[in-house]
Amino acid sequence: MSQLQFFLALVAGGLSAAALALSVVTPLETALLLKAFLALGFLSLIRFYRPFGLWADGIIAVLGAVAVLLSIGVIAPTPPFFWMALVAAWLFAWLFVERLSTALAPGLADSAGLGLIIPVAFGLTILVAWEVITRAGNVPQVILPPPSMIGARIAASVPTLLADFQQTFLKAVLIGYALGCGLGFVVAILIDRSPFLKSGLLPLGNFVSALPIVGVAPIMVMWFGFDWPSKAAVVVIMTFFPMLVNTVAGLNASSAIERDLMRTYAAGYWQTLMKLRLPAAGPFIFNALKINSTLALIGAIVAEFFGTPIVGMGFRISTEVGRMNVDMVWAEIAVAAVAGSVFYGVIVLIERGVTFWHPSVRGA
């Protein structure tokens, strides 16, 4: 057991014992599941005398999350031991994830399925804490709605959310992303071929990257209209420079010895480019693709604030904020976050397949 695991186990068990002692002032049948969790948390201190299973901590954490959720509003006002139980459940979840990551570290590549438990557990812990704090703490829904309310809004607004997703992501983001990254890659090849272009286009690319979205978006709307092409144009501007800079840096990543070796094989420029320099630039190119996957979504959503048809994620967010429909705003944010995460994950999977030989991929 590491020093961090020892500390987490001690604090979680001790906090459970203290909360259990405070809960005796309430009738036994009140919040019975919560008290059962606190009792199990207190009994987990036996780990300091005899081995305690890894999955036992996970079971205790799940029981604590369920008990805390079901105990909201059972006792009014919310007693201190309720909040102590919430912190204890969070600590048990942290301890479980910490122990699981330590157990998987030696052979993580062979246990990739179990490795998914770590981010899932982390995300569920945040959602449970968010739900409990907003509901048990009586946080106004205008300030921060609970996840259950956001989930209900998503379920009730699927057609609207789907139309906004198609307008913003499938049209503006993907098309602008492809054009911006493609143009950045082509211009990088041209710059690499011509020192004159390197002196002229790199400073121009730096200038374009410094343009503020709030200033560019209205101009693109005037140039390309209110529909998705103007948002795609903003995405092109945002994604062009990262791809340009990273590709130029990647093309210079191969060593002089490697280039000299290609010359001894009588390889021309294009042969050296295709067989040596582009493969060496692969990690740099995919780094730009990953950065641009998030920049593209942000740029498209912000651009929709400055003129768009009555559809789109940015349009919906700006409109519903004015109407104080905060749950709909968070529903759009949730859809955008999931779409951006999936987009990023797809690029990472492609990167692992293409640059499998790179040390950063082999060790991932």
# chains A, B, ... in the order shown; residues from 1 in each chain; ligands from 1

call {"tool": "residues_around", "arguments": {"residues": "region 162-167 of chain A", "least_positions_apart": "5", "cutoff": "9 Å", "atoms": "only C-alpha atoms", "output": "count of residues only"}}
result
15

call {"tool": "residues_around", "arguments": {"residues": "Leu40 (chain A)", "least_positions_apart": "2", "cutoff": "12 Å", "atoms": "only C-alpha atoms", "output": "ChimeraX atom specification"}}
result
/A:12-17,19-20,33-38,42-46,56-57,59-64,85,88-89,92

call {"tool": "select_by_dssp", "arguments": {"residues": "region 44-247 of chain A", "states": "alpha helix (DSSP H)", "output": "ChimeraX atom specification"}}
result
/A:54-70,80-104,112-115,117-136,147-156,158-165,174-193,195-209,213-224,228-247

call {"tool": "residues_around", "arguments": {"residues": "Val208 (chain A)", "least_positions_apart": "5", "cutoff": "12 Å", "atoms": "only C-alpha atoms", "output": "JSON, numbers by chain"}}
result
{"A": [184, 201, 202, 203, 213, 215, 216, 234, 236, 237, 238, 239, 240, 241, 242, 244]}

call {"tool": "residues_around", "arguments": {"residues": "region 128-141 of chain A", "least_positions_apart": "6", "cutoff": "7 Å", "atoms": "only C-alpha atoms", "output": "list in words"}}
result
Ala65, Leu69, Ile72, Gly73, Thr78 and Pro147 of chain A

call {"tool": "write_last_selection", "arguments": {"atoms": "N, CA, C and O atoms", "output": "mmCIF file, in the first residue's frame"}}
result
data_model
loop_
_atom_site.group_PDB
_atom_site.id
_atom_site.type_symbol
_atom_site.label_atom_id
_atom_site.label_comp_id
_atom_site.auth_asym_id
_atom_site.auth_seq_id
_atom_site.Cartn_x
_atom_site.Cartn_y
_atom_site.Cartn_z
ATOM 1 N N ALA A 65 -22.371 5.954 -2.823
ATOM 2 C CA ALA A 65 -23.010 6.858 -3.785
ATOM 3 C C ALA A 65 -24.522 6.649 -3.815
ATOM 4 O O ALA A 65 -25.294 7.606 -3.791
ATOM 5 N N LEU A 69 -27.414 9.364 -2.513
ATOM 6 C CA LEU A 69 -28.450 9.833 -3.433
ATOM 7 C C LEU A 69 -29.852 9.552 -2.904
ATOM 8 O O LEU A 69 -30.746 10.398 -3.007
ATOM 9 N N ILE A 72 -31.170 11.930 0.104
ATOM 10 C CA ILE A 72 -31.388 13.370 -0.065
ATOM 11 C C ILE A 72 -32.815 13.716 0.346
ATOM 12 O O ILE A 72 -33.778 13.138 -0.144
ATOM 13 N N GLY A 73 -32.958 14.649 1.257
ATOM 14 C CA GLY A 73 -34.263 15.106 1.704
ATOM 15 C C GLY A 73 -34.926 14.228 2.733
ATOM 16 O O GLY A 73 -36.015 14.566 3.219
ATOM 17 N N THR A 78 -30.497 19.118 6.297
ATOM 18 C CA THR A 78 -29.475 18.111 6.028
ATOM 19 C C THR A 78 -28.452 18.083 7.160
ATOM 20 O O THR A 78 -27.811 19.100 7.451
ATOM 21 N N PRO A 147 -27.513 17.154 -12.464
ATOM 22 C CA PRO A 147 -27.398 16.333 -13.675
ATOM 23 C C PRO A 147 -28.694 15.621 -14.054
ATOM 24 O O PRO A 147 -28.955 15.411 -15.241
#

call {"tool": "atom_distance", "arguments": {"atom1": "CA of Trp357 (chain A)", "atom2": "CA of Phe343 (chain A)"}}
result
22.9 Å
